[in-house]
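Taking it in order: structure first as structure tokens, then the write-up.
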Amino acid sequence: MGEPMKIRATLTGDTTEVKVLMTHAMETGQRKDAQGQTSPAWLIQTILVTWNGKSVLSAQWGPAVAKNPFLSFRFKGGAKGDKIVVRWIDSRGDQRTDEASIA
Amino acid sequence: MNDGRRTFLKSGGGVTLLTLLAAAGWLDAEEALAQTWNKAAFDTHSLGDTLHALGGNEPAQSRDIEFVQTPEIAENGAVVPVGVASKIPKTESIAILIEKNPNMLAAVFDVPAGTDPVISTRVKMAQTSNIYALVKADGRYYVAAKEVKVTLGGCGG
């Protein structure tokens, strides 16, 4: 299930700015632990952000996205109180969905 | 009485249609998310291979792609802020590639109409390298590069 994401959506004029901080190891599959064993890759691969059910951003990520990924973007529209829903799926098939209201 | 029943039926129909539309919107979104992760593209090691895997052609150098919030020197390669802003009309997607990482492609963002083609995230960099921003706009590909010096690598260890 993963840890909850931190999502902040702020309306300025006619534009909503969305900032998301996810908690995830984003293990590249190249790192070795103290015993010299390679840690298997484990990373968020797909992300979808929706506003009132409409996609405002989707992404595919590789191992080069930093641990505890951060994402920010803006879209035209949105009103205070509208729901922003962020969903990710990782390489183990685990997924998490969190939502926030536009402030 | 009869009129009332008509009105009720009409409004009922309207609600059903709206519900269906909403459901359709969700279904589209779900479908987009369920799209298989482009493994071929994430396994590539050169700009040409990555473009090929993304289905792109020869990209044109563009001055309309800017790096924002991206440092000249990153002290810690494990967390390097990268922002890409495209001023190219009809920008559909923005990809971030790091030339000297084990796998070149870091991320691909699909930008639907209505979303500003300005994306910020954080990446890992193995060593000092060029970062490429690859923009797909109106079916064509454009690229810009910026070198980021890394003091401490963020991969391996």
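Identifiers in the structure tokens: chain A, B, ... in order shown; residue index from 1 per chain; ligand index from 1 in order shown.
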Worksheet item: Quick one: which residues from chain A are at most 7 Å off chain B, using only C-alpha atoms, as a count of residues only?
Response: 29
Worksheet entry | Selection near A:Thr12, 12 Å with only C-alpha atoms, sequence-local residues under 4 positions removed, as JSON, numbers by chain | {"A": [16, 17, 18, 74, 75, 76, 77, 78, 79, 80, 102, 103]}
Fill in: Test item: residues at most 7 Å from A:Ser101, only C-alpha atoms, excluding those fewer than 6 positions along its chain, as a PyMOL selection string
chain A and resi 9+81-84
Those selected residues, please, written with C-alpha atoms and delivered as a short mmCIF file (atom, residue, chain, number, x, y, z; two decimals), in the first residue's frame.
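Written file, selection.cif:
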```cif
data_model
loop_
_atom_site.label_atom_id
_atom_site.label_comp_id
_atom_site.auth_asym_id
_atom_site.auth_seq_id
_atom_site.Cartn_x
_atom_site.Cartn_y
_atom_site.Cartn_z
CA ALA A 9 -3.08 21.88 -4.93
CA GLY A 81 -12.66 22.44 -3.16
CA ASP A 82 -12.27 20.40 -6.38
CA LYS A 83 -10.72 16.98 -5.86
CA ILE A 84 -7.27 16.16 -7.15
#
```
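For the pair atom CA of B:Thr128 and atom CA of A:Trp88, the interatomic distance is 29.7 Å.
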Worksheet item: Do you have the atom CA of A:Thr23-atom CA of A:Glu3 distance handy?
Response: 5.8 Å
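With only C-alpha atoms taken into account, the protein and nucleic acid residues at most 6 Å from B:Val150 (excluding it and anything under 2 positions from it in its own chain) are Ile73, Ala74, Glu75, Gly77, Gln127, Thr128 and Leu152 of chain B.
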Take the residues that were just selected and, keeping N, CA and C atoms, output them as a short mmCIF file (atom, residue, chain, number, x, y, z; two decimals), in the first residue's frame.
```cif
data_model
loop_
_atom_site.label_atom_id
_atom_site.label_comp_id
_atom_site.auth_asym_id
_atom_site.auth_seq_id
_atom_site.Cartn_x
_atom_site.Cartn_y
_atom_site.Cartn_z
N ILE B 73 25.45 22.88 -10.82
CA ILE B 73 26.24 21.91 -10.06
C ILE B 73 25.34 21.28 -9.00
N ALA B 74 25.30 19.95 -9.01
CA ALA B 74 24.50 19.24 -8.00
C ALA B 74 25.47 18.59 -7.03
N GLU B 75 25.38 18.94 -5.76
CA GLU B 75 26.31 18.36 -4.80
C GLU B 75 25.99 16.89 -4.57
N GLY B 77 24.19 13.69 -6.19
CA GLY B 77 23.58 13.12 -7.39
C GLY B 77 22.33 12.30 -7.12
N GLN B 127 26.78 10.54 -12.45
CA GLN B 127 27.96 11.39 -12.60
C GLN B 127 27.59 12.62 -13.41
N THR B 128 28.57 13.53 -13.53
CA THR B 128 28.37 14.72 -14.35
C THR B 128 27.92 14.30 -15.74
N LEU B 152 28.83 14.29 -6.06
CA LEU B 152 28.74 12.96 -5.46
C LEU B 152 27.68 12.17 -6.20
#
```
